[in-house]
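All remarks here apply to the structure that follows.
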Amino acid sequence: MNEINRPVVRPRRLRTTPAMRELVAETTLRPGQLVLPLFVGEGLSEPRAISSMPGVVQHSRDTLRKAVVEAAEAGVRGVMLFGIPTTKDAVGTGATDPDGILNVAIRDVVEEVGDAVVVMADLCLDEFTDHGHCGVLTPDGRVDNDATLAAYAEMALSQAAAGVDMVGPSGMMDGQVAVVRAALDAAGHTDTGILAYGAKYASAFFGPFREAVDSSLQGDRRTYQQDPRNGREGVREALLDVEQGADIVMVKPALAYLDVLRHVADALQDSGVPVAAYNVSGEYAMVEAAAANGWIDREPAILETLTAIRGAGADVILTYWAVEAARLVR
Ligand code: PBG
C-alpha cells in the first residue's frame, strides 16, 4: 500500500472487461474434450426416461444412433456406452455374448459415426449380473477378483470384435488393466485403447446411475471401490493403471474428489498419460434438481462445474451435459 487504502497491486485490473478476462483465462473448455455417457436398453422401441436424471434416457438402438450423430455434430469427440440387458445371470453372460445389447450397440454406433467419435464402452459386469456386482462371486458370496479378470478379458475381446475404440474397465478389480491389455494384444487388437477407471470411489453419487441401468445391487461395492477417506490411495491406483498399460486414467466421481484429481494429474505429469474425470450421475442430478426448483442458475452452474473439473487437472471430462455444454462453449 502506498498510503492508507491505496493498494499498489490490483488483481482486479485483469478483470475489467470481458476481453481482458478472456485474455488471461487459465482454463479452457472445448467440445472435443467432452465424452457423453449413453445408455441403451435391450428391446426398447422408444427411449425410456430416467426419473432421477431429467434429460437423460435409456435409448433404443435407433435413438442411440441419433444421439451419437447429434453429439458428433456438436463437436463432442467421445461416447461411453452402457448396455441394459433384459435378462441377467450370476456370471453376466450378456456382457460377452456378441448379440448382447452392449456389443450390438457398439456395432451400431461404429457403423453410424465411424472415426468421427471415439467409441468407448463400459467394461464391467454389474449391468449383466443378477446380483448387481461388478464381478463374479465365490460360493460364499464375495467378489472373486481373479475369476472376474478372466471374464473381463473375454468381455474386452467381444467389445473389440464389435469395433470399440477404447474399453473402460470400471470394476476396480486388481490387475484388470494388465489382463485386458494382454488379452487385446494377444488377439491382435493392439490399437484398441484402455480408458482405465484409476481412482474410483464407493460413492453415494452413483445413486441415479443405478436407476439408469436398472441395477440389481443389494448392499455396496466397498470391497472393491475405494474408501472415500483415502486420497493418496487414489494416486496409487492411478500409477498402477499406468504401469499396466492404461492409455487414459480416470478419477471418479469428479466433484467430491477434485483434490484426488489434482494429485493424480500431478503424479502423471511426467508419464504424459492423459487424465479424465467422470462428472457422475449424482452430480448431474443435484444441479438439475436445484435448477428445476429455481435455486440455481442452470447453464452457468454447468459451465462452472466443468471448468472446475478441467482446472483441477482433467484433460477429458465424461459428462451427461456433453452435448449441451459443447454448444454453450462453441
Ligand atoms: C460400473 C459403473 C458405475 C458408474 C459407471 N460405471 C456404477 C457403479 O460403480 O456403481 C457410475 C456412473 C455415474 O454415476 O454416472 N459399471
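Lettering and numbering for the C-alpha cells are positional, with chains as A, B, ... in the shown order, residues counted from 1 in each chain, and ligands counted from 1 in the shown order.
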Residues of chain A at most 9 Å from ligand 1: nearest atom pair and distance in Å, only C-alpha atoms and all ligand atoms, as CSV:
```
residue,atom,partner,partner_atom_place_in_ligand_line,distance
A:Pro37,CA,ligand 1,15 (O),8.0
A:Phe82,CA,ligand 1,16 (N),7.6
A:Asp122,CA,ligand 1,16 (N),6.2
A:Leu123,CA,ligand 1,16 (N),7.1
A:Cys124,CA,ligand 1,16 (N),5.1
A:Leu125,CA,ligand 1,16 (N),6.9
A:Asp126,CA,ligand 1,16 (N),5.6
A:Glu127,CA,ligand 1,16 (N),6.5
A:Gly132,CA,ligand 1,10 (O),8.8
A:His133,CA,ligand 1,10 (O),8.4
A:Cys134,CA,ligand 1,1 (C),6.7
A:Gly168,CA,ligand 1,6 (N),8.5
A:Pro169,CA,ligand 1,16 (N),8.3
A:Ser170,CA,ligand 1,1 (C),5.4
A:Gly171,CA,ligand 1,1 (C),6.1
A:Met172,CA,ligand 1,9 (O),8.8
A:Tyr197,CA,ligand 1,6 (N),8.7
A:Lys200,CA,ligand 1,9 (O),7.9
A:Tyr201,CA,ligand 1,9 (O),8.2
A:Ala202,CA,ligand 1,9 (O),7.2
A:Ser203,CA,ligand 1,10 (O),7.8
A:Ala204,CA,ligand 1,14 (O),8.6
A:Phe205,CA,ligand 1,14 (O),6.1
A:Phe206,CA,ligand 1,14 (O),3.4
A:Gly207,CA,ligand 1,14 (O),6.4
A:Pro208,CA,ligand 1,14 (O),6.4
A:Phe209,CA,ligand 1,14 (O),4.5
A:Arg210,CA,ligand 1,7 (C),6.5
A:Ala212,CA,ligand 1,15 (O),8.8
A:Val213,CA,ligand 1,7 (C),8.7
A:Ser215,CA,ligand 1,10 (O),8.4
A:Leu217,CA,ligand 1,10 (O),8.5
A:Asp220,CA,ligand 1,10 (O),8.3
A:Arg221,CA,ligand 1,10 (O),7.3
A:Gln225,CA,ligand 1,9 (O),7.6
A:Lys252,CA,ligand 1,12 (C),8.2
A:Pro253,CA,ligand 1,14 (O),7.6
A:Tyr278,CA,ligand 1,15 (O),7.2
A:Asn279,CA,ligand 1,15 (O),6.8
A:Val280,CA,ligand 1,15 (O),3.5
A:Ser281,CA,ligand 1,15 (O),3.5
A:Gly282,CA,ligand 1,14 (O),6.1
A:Glu283,CA,ligand 1,15 (O),8.0
A:Tyr284,CA,ligand 1,15 (O),8.0
A:Leu318,CA,ligand 1,15 (O),8.8
A:Thr319,CA,ligand 1,15 (O),8.1
A:Tyr320,CA,ligand 1,15 (O),8.0
```
Can you write just those residues out, N, CA and C atoms, as a short mmCIF file (atom, residue, chain, number, x, y, z; two decimals), in the first residue's frame?
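Okay, this is what ended up in result_34.cif:
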```cif
data_model
loop_
_atom_site.label_atom_id
_atom_site.label_comp_id
_atom_site.auth_asym_id
_atom_site.auth_seq_id
_atom_site.Cartn_x
_atom_site.Cartn_y
_atom_site.Cartn_z
N PRO A 37 -21.69 -39.99 -21.85
CA PRO A 37 -22.12 -41.35 -21.48
C PRO A 37 -23.54 -41.58 -22.01
N PHE A 82 -23.22 -47.71 -22.17
CA PHE A 82 -23.64 -48.64 -21.13
C PHE A 82 -24.85 -49.40 -21.65
N ASP A 122 -18.33 -49.34 -21.45
CA ASP A 122 -18.10 -49.76 -20.08
C ASP A 122 -17.71 -51.23 -20.08
N LEU A 123 -16.59 -51.53 -19.43
CA LEU A 123 -16.16 -52.92 -19.35
C LEU A 123 -16.31 -53.35 -17.89
N CYS A 124 -17.49 -53.88 -17.59
CA CYS A 124 -17.82 -54.23 -16.22
C CYS A 124 -19.02 -55.16 -16.25
N LEU A 125 -19.16 -56.00 -15.22
CA LEU A 125 -20.24 -56.99 -15.26
C LEU A 125 -21.52 -56.53 -14.58
N ASP A 126 -21.49 -55.40 -13.87
CA ASP A 126 -22.62 -55.09 -12.98
C ASP A 126 -23.97 -54.94 -13.68
N GLU A 127 -23.96 -54.46 -14.93
CA GLU A 127 -25.24 -54.34 -15.63
C GLU A 127 -25.79 -55.71 -16.04
N GLY A 132 -25.88 -57.90 -9.31
CA GLY A 132 -25.52 -56.49 -9.47
C GLY A 132 -24.08 -56.13 -9.16
N HIS A 133 -23.25 -57.12 -8.79
CA HIS A 133 -21.85 -56.80 -8.51
C HIS A 133 -21.04 -56.70 -9.81
N CYS A 134 -19.89 -56.04 -9.70
CA CYS A 134 -19.05 -55.80 -10.88
C CYS A 134 -18.24 -57.01 -11.28
N GLY A 168 -13.51 -49.33 -21.26
CA GLY A 168 -13.44 -48.61 -19.99
C GLY A 168 -13.64 -49.55 -18.82
N PRO A 169 -12.57 -50.25 -18.40
CA PRO A 169 -12.71 -51.15 -17.25
C PRO A 169 -13.04 -50.34 -15.99
N SER A 170 -14.22 -50.59 -15.42
CA SER A 170 -14.69 -49.76 -14.30
C SER A 170 -14.93 -50.55 -13.03
N GLY A 171 -14.52 -51.83 -13.02
CA GLY A 171 -14.88 -52.69 -11.90
C GLY A 171 -13.95 -52.67 -10.70
N MET A 172 -12.82 -51.98 -10.82
CA MET A 172 -11.86 -51.86 -9.71
C MET A 172 -11.33 -53.21 -9.21
N TYR A 197 -10.53 -46.76 -15.21
CA TYR A 197 -11.07 -46.09 -14.04
C TYR A 197 -10.03 -46.27 -12.95
N LYS A 200 -11.52 -44.88 -8.33
CA LYS A 200 -12.98 -44.90 -8.33
C LYS A 200 -13.46 -45.19 -6.92
N TYR A 201 -14.24 -44.26 -6.40
CA TYR A 201 -14.66 -44.35 -5.01
C TYR A 201 -16.03 -44.97 -4.85
N ALA A 202 -16.24 -45.68 -3.75
CA ALA A 202 -17.55 -46.25 -3.42
C ALA A 202 -18.43 -45.07 -3.01
N SER A 203 -19.17 -44.54 -3.98
CA SER A 203 -19.78 -43.23 -3.82
C SER A 203 -21.30 -43.24 -3.84
N ALA A 204 -21.88 -42.45 -2.94
CA ALA A 204 -23.34 -42.25 -2.95
C ALA A 204 -23.77 -41.46 -4.19
N PHE A 205 -22.83 -40.81 -4.83
CA PHE A 205 -23.16 -40.01 -6.01
C PHE A 205 -23.42 -40.85 -7.26
N PHE A 206 -23.28 -42.18 -7.14
CA PHE A 206 -23.66 -43.06 -8.25
C PHE A 206 -25.15 -43.41 -8.19
N GLY A 207 -25.86 -42.90 -7.20
CA GLY A 207 -27.25 -43.29 -6.98
C GLY A 207 -28.13 -43.28 -8.22
N PRO A 208 -28.24 -42.14 -8.91
CA PRO A 208 -29.13 -42.10 -10.08
C PRO A 208 -28.70 -43.07 -11.20
N PHE A 209 -27.41 -43.34 -11.31
CA PHE A 209 -26.92 -44.29 -12.32
C PHE A 209 -27.51 -45.67 -12.09
N ARG A 210 -27.67 -46.03 -10.83
CA ARG A 210 -28.21 -47.36 -10.51
C ARG A 210 -29.64 -47.47 -11.03
N ALA A 212 -30.62 -45.68 -13.65
CA ALA A 212 -30.43 -45.60 -15.11
C ALA A 212 -30.16 -46.97 -15.73
N VAL A 213 -29.47 -47.84 -15.01
CA VAL A 213 -29.13 -49.15 -15.57
C VAL A 213 -29.94 -50.28 -14.95
N SER A 215 -30.12 -51.33 -11.95
CA SER A 215 -29.18 -52.14 -11.17
C SER A 215 -29.88 -53.09 -10.20
N LEU A 217 -28.21 -54.39 -7.65
CA LEU A 217 -27.30 -54.46 -6.50
C LEU A 217 -28.02 -54.34 -5.15
N ASP A 220 -23.37 -52.96 -1.08
CA ASP A 220 -22.50 -51.91 -1.62
C ASP A 220 -21.27 -52.53 -2.27
N ARG A 221 -20.38 -51.65 -2.77
CA ARG A 221 -19.19 -52.11 -3.50
C ARG A 221 -17.90 -51.81 -2.74
N GLN A 225 -14.48 -50.93 -4.70
CA GLN A 225 -14.30 -49.49 -4.94
C GLN A 225 -13.65 -48.86 -3.71
N LYS A 252 -13.00 -40.68 -10.47
CA LYS A 252 -14.45 -40.71 -10.44
C LYS A 252 -14.96 -40.96 -9.04
N PRO A 253 -15.97 -40.27 -8.55
CA PRO A 253 -16.59 -39.09 -9.14
C PRO A 253 -15.62 -37.91 -9.24
N TYR A 278 -14.90 -38.21 -14.31
CA TYR A 278 -16.29 -38.54 -14.60
C TYR A 278 -17.19 -37.71 -13.69
N ASN A 279 -17.89 -36.78 -14.32
CA ASN A 279 -18.88 -35.94 -13.65
C ASN A 279 -20.15 -36.80 -13.54
N VAL A 280 -20.31 -37.48 -12.40
CA VAL A 280 -21.24 -38.62 -12.34
C VAL A 280 -22.71 -38.24 -12.17
N SER A 281 -23.53 -39.27 -12.19
CA SER A 281 -24.98 -39.10 -12.20
C SER A 281 -25.51 -38.25 -11.04
N GLY A 282 -24.99 -38.48 -9.84
CA GLY A 282 -25.48 -37.73 -8.69
C GLY A 282 -25.11 -36.26 -8.76
N GLU A 283 -23.96 -35.99 -9.36
CA GLU A 283 -23.52 -34.59 -9.52
C GLU A 283 -24.41 -33.89 -10.55
N TYR A 284 -24.79 -34.64 -11.56
CA TYR A 284 -25.72 -34.14 -12.58
C TYR A 284 -27.08 -33.87 -11.95
N LEU A 318 -16.02 -36.81 -18.74
CA LEU A 318 -17.24 -37.53 -19.06
C LEU A 318 -18.38 -36.81 -18.36
N THR A 319 -19.37 -36.36 -19.12
CA THR A 319 -20.47 -35.62 -18.53
C THR A 319 -21.76 -35.82 -19.32
N TYR A 320 -22.86 -35.95 -18.58
CA TYR A 320 -24.17 -36.09 -19.22
C TYR A 320 -24.58 -34.78 -19.91
#
```
Report as number ranges by chain all protein, DNA and RNA residues lying within 7 Å of region 64-71 of chain A, evaluated on only C-alpha atoms, omitting residues in the same chain fewer than 6 positions from it.
A: 40, 108-109, 112-113, 323
Val110 (chain A) environment, 9 Å, only C-alpha atoms, sequence neighbours closer than 6 positions dropped, as a PyMOL selection string:
chain A and resi 117-119+162-165
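Pairwise distance (CA of Lys88 (chain A), CA of Ile101 (chain A)) equals 11.6 Å.
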From a backbone DSSP assignment, name each residue in region 61-293 of chain A labelled helix (DSSP H, G or I), as an NGL selection string.
:A and (61-74 or 93-95 or 101-116 or 145-162 or 176-186 or 204-212 or 232-243 or 255-268 or 281-292)
Saved selection, atoms kept: C-alpha atoms, as an mmCIF file, in the first residue's frame:
```cif
data_model
loop_
_atom_site.group_PDB
_atom_site.id
_atom_site.type_symbol
_atom_site.label_atom_id
_atom_site.label_comp_id
_atom_site.auth_asym_id
_atom_site.auth_seq_id
_atom_site.Cartn_x
_atom_site.Cartn_y
_atom_site.Cartn_z
ATOM 1 C CA ARG A 61 -30.979 -48.860 -30.680
ATOM 2 C CA ASP A 62 -32.440 -46.342 -33.132
ATOM 3 C CA THR A 63 -32.341 -43.305 -30.892
ATOM 4 C CA LEU A 64 -28.842 -44.264 -29.724
ATOM 5 C CA ARG A 65 -27.593 -43.842 -33.272
ATOM 6 C CA LYS A 66 -29.269 -40.454 -33.488
ATOM 7 C CA ALA A 67 -27.832 -39.359 -30.154
ATOM 8 C CA VAL A 68 -24.301 -40.192 -31.258
ATOM 9 C CA VAL A 69 -24.718 -38.296 -34.521
ATOM 10 C CA GLU A 70 -26.035 -35.319 -32.568
ATOM 11 C CA ALA A 71 -23.033 -35.485 -30.234
ATOM 12 C CA ALA A 72 -20.617 -35.645 -33.151
ATOM 13 C CA GLU A 73 -22.264 -32.637 -34.781
ATOM 14 C CA ALA A 74 -21.953 -30.670 -31.545
ATOM 15 C CA THR A 93 -23.230 -63.830 -19.779
ATOM 16 C CA GLY A 94 -24.832 -60.940 -21.656
ATOM 17 C CA ALA A 95 -21.582 -58.991 -21.404
ATOM 18 C CA ILE A 101 -27.055 -55.371 -26.054
ATOM 19 C CA LEU A 102 -23.770 -53.576 -25.373
ATOM 20 C CA ASN A 103 -21.871 -55.370 -28.139
ATOM 21 C CA VAL A 104 -24.740 -54.807 -30.564
ATOM 22 C CA ALA A 105 -24.807 -51.120 -29.623
ATOM 23 C CA ILE A 106 -21.060 -50.784 -30.201
ATOM 24 C CA ARG A 107 -21.512 -52.167 -33.721
ATOM 25 C CA ASP A 108 -24.446 -49.823 -34.399
ATOM 26 C CA VAL A 109 -22.585 -46.755 -33.223
ATOM 27 C CA VAL A 110 -19.333 -47.550 -35.004
ATOM 28 C CA GLU A 111 -21.278 -48.109 -38.198
ATOM 29 C CA GLU A 112 -23.103 -44.814 -37.720
ATOM 30 C CA VAL A 113 -20.224 -42.462 -36.865
ATOM 31 C CA GLY A 114 -17.047 -44.322 -37.758
ATOM 32 C CA ASP A 115 -13.984 -42.345 -36.772
ATOM 33 C CA ALA A 116 -15.845 -39.084 -36.086
ATOM 34 C CA ASN A 145 -11.029 -60.865 -8.174
ATOM 35 C CA ASP A 146 -9.145 -63.287 -10.394
ATOM 36 C CA ALA A 147 -12.161 -65.155 -11.750
ATOM 37 C CA THR A 148 -13.556 -61.740 -12.673
ATOM 38 C CA LEU A 149 -10.362 -60.864 -14.540
ATOM 39 C CA ALA A 150 -10.936 -63.810 -16.856
ATOM 40 C CA ALA A 151 -14.444 -62.528 -17.574
ATOM 41 C CA TYR A 152 -13.100 -59.015 -18.226
ATOM 42 C CA ALA A 153 -10.560 -60.381 -20.723
ATOM 43 C CA GLU A 154 -13.351 -62.120 -22.591
ATOM 44 C CA MET A 155 -15.543 -59.016 -22.454
ATOM 45 C CA ALA A 156 -12.717 -56.874 -23.840
ATOM 46 C CA LEU A 157 -12.368 -59.253 -26.777
ATOM 47 C CA SER A 158 -16.076 -59.184 -27.570
ATOM 48 C CA GLN A 159 -16.110 -55.376 -27.440
ATOM 49 C CA ALA A 160 -13.009 -55.164 -29.615
ATOM 50 C CA ALA A 161 -14.561 -57.555 -32.113
ATOM 51 C CA ALA A 162 -17.587 -55.239 -32.205
ATOM 52 C CA GLN A 176 -7.717 -55.515 -14.592
ATOM 53 C CA VAL A 177 -5.822 -53.182 -16.908
ATOM 54 C CA ALA A 178 -2.914 -55.607 -17.394
ATOM 55 C CA VAL A 179 -5.223 -58.519 -18.095
ATOM 56 C CA VAL A 180 -7.332 -56.560 -20.569
ATOM 57 C CA ARG A 181 -4.230 -55.200 -22.323
ATOM 58 C CA ALA A 182 -2.716 -58.669 -22.634
ATOM 59 C CA ALA A 183 -5.941 -60.174 -23.961
ATOM 60 C CA LEU A 184 -6.379 -57.422 -26.551
ATOM 61 C CA ASP A 185 -2.768 -57.644 -27.710
ATOM 62 C CA ALA A 186 -2.789 -61.438 -27.948
ATOM 63 C CA ALA A 204 -23.335 -42.254 -2.953
ATOM 64 C CA PHE A 205 -23.163 -40.005 -6.015
ATOM 65 C CA PHE A 206 -23.659 -43.060 -8.254
ATOM 66 C CA GLY A 207 -27.247 -43.292 -6.979
ATOM 67 C CA PRO A 208 -29.127 -42.101 -10.083
ATOM 68 C CA PHE A 209 -26.918 -44.288 -12.320
ATOM 69 C CA ARG A 210 -28.212 -47.359 -10.511
ATOM 70 C CA GLU A 211 -31.719 -46.377 -11.623
ATOM 71 C CA ALA A 212 -30.428 -45.597 -15.111
ATOM 72 C CA ARG A 232 -3.308 -40.985 -1.554
ATOM 73 C CA GLU A 233 -4.629 -44.405 -2.430
ATOM 74 C CA GLY A 234 -6.237 -42.822 -5.498
ATOM 75 C CA VAL A 235 -2.789 -41.816 -6.723
ATOM 76 C CA ARG A 236 -1.518 -45.327 -6.041
ATOM 77 C CA GLU A 237 -4.337 -46.844 -8.102
ATOM 78 C CA ALA A 238 -3.735 -44.384 -10.952
ATOM 79 C CA LEU A 239 0.001 -45.151 -11.057
ATOM 80 C CA LEU A 240 -0.710 -48.896 -11.086
ATOM 81 C CA ASP A 241 -3.012 -48.418 -14.080
ATOM 82 C CA VAL A 242 -0.324 -46.516 -15.962
ATOM 83 C CA GLU A 243 2.170 -49.283 -15.181
ATOM 84 C CA LEU A 255 -16.607 -33.022 -7.913
ATOM 85 C CA ALA A 256 -16.193 -34.593 -4.493
ATOM 86 C CA TYR A 257 -12.661 -35.685 -5.437
ATOM 87 C CA LEU A 258 -11.168 -32.637 -7.153
ATOM 88 C CA ASP A 259 -8.240 -32.920 -4.753
ATOM 89 C CA VAL A 260 -7.564 -36.508 -5.847
ATOM 90 C CA LEU A 261 -7.872 -35.388 -9.459
ATOM 91 C CA ARG A 262 -5.231 -32.709 -8.907
ATOM 92 C CA HIS A 263 -2.885 -35.144 -7.159
ATOM 93 C CA VAL A 264 -3.343 -37.733 -9.913
ATOM 94 C CA ALA A 265 -2.771 -35.147 -12.654
ATOM 95 C CA ASP A 266 0.425 -34.011 -10.937
ATOM 96 C CA ALA A 267 1.601 -37.600 -10.412
ATOM 97 C CA LEU A 268 1.010 -38.476 -14.081
ATOM 98 C CA SER A 281 -24.984 -39.103 -12.200
ATOM 99 C CA GLY A 282 -25.479 -37.731 -8.688
ATOM 100 C CA GLU A 283 -23.525 -34.595 -9.517
ATOM 101 C CA TYR A 284 -25.718 -34.143 -12.578
ATOM 102 C CA ALA A 285 -28.919 -34.783 -10.627
ATOM 103 C CA MET A 286 -28.056 -32.272 -7.890
ATOM 104 C CA VAL A 287 -27.647 -29.400 -10.344
ATOM 105 C CA GLU A 288 -30.716 -30.413 -12.343
ATOM 106 C CA ALA A 289 -32.876 -30.682 -9.227
ATOM 107 C CA ALA A 290 -31.711 -27.342 -7.846
ATOM 108 C CA ALA A 291 -32.225 -25.680 -11.229
ATOM 109 C CA ALA A 292 -35.713 -27.177 -11.590
#
```
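Between CA of Gly141 (chain A) and CA of Gln226 (chain A) the separation is 19.4 Å.
We find CA of Arg327 (chain A) and CA of Val76 (chain A) to be spaced 9.4 Å apart.
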All residues 7 Å or closer to Ile194 (chain A), only C-alpha atoms, same chain fewer than 5 positions away omitted, as a tab-separated table (two decimals) with N, CA and C atoms, in the first residue's frame:
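Generated output (out_22.tsv):
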```
chain	number	residue	atom	x	y	z
A	166	MET	N	-12.10	-47.74	-27.50
A	166	MET	CA	-11.49	-47.83	-26.17
A	166	MET	C	-12.43	-48.57	-25.24
A	167	VAL	N	-11.88	-49.46	-24.43
A	167	VAL	CA	-12.68	-50.10	-23.39
A	167	VAL	C	-12.47	-49.34	-22.08
A	168	GLY	N	-13.51	-49.33	-21.26
A	168	GLY	CA	-13.44	-48.61	-19.99
A	168	GLY	C	-13.64	-49.55	-18.82
A	246	ALA	N	-2.53	-48.47	-19.13
A	246	ALA	CA	-3.69	-47.61	-19.40
A	246	ALA	C	-3.29	-46.48	-20.35
A	247	ASP	N	-4.19	-46.16	-21.30
A	247	ASP	CA	-3.92	-45.05	-22.22
A	247	ASP	C	-4.42	-43.73	-21.67
A	248	ILE	N	-5.50	-43.79	-20.91
A	248	ILE	CA	-6.05	-42.64	-20.20
A	248	ILE	C	-6.44	-43.15	-18.81
```
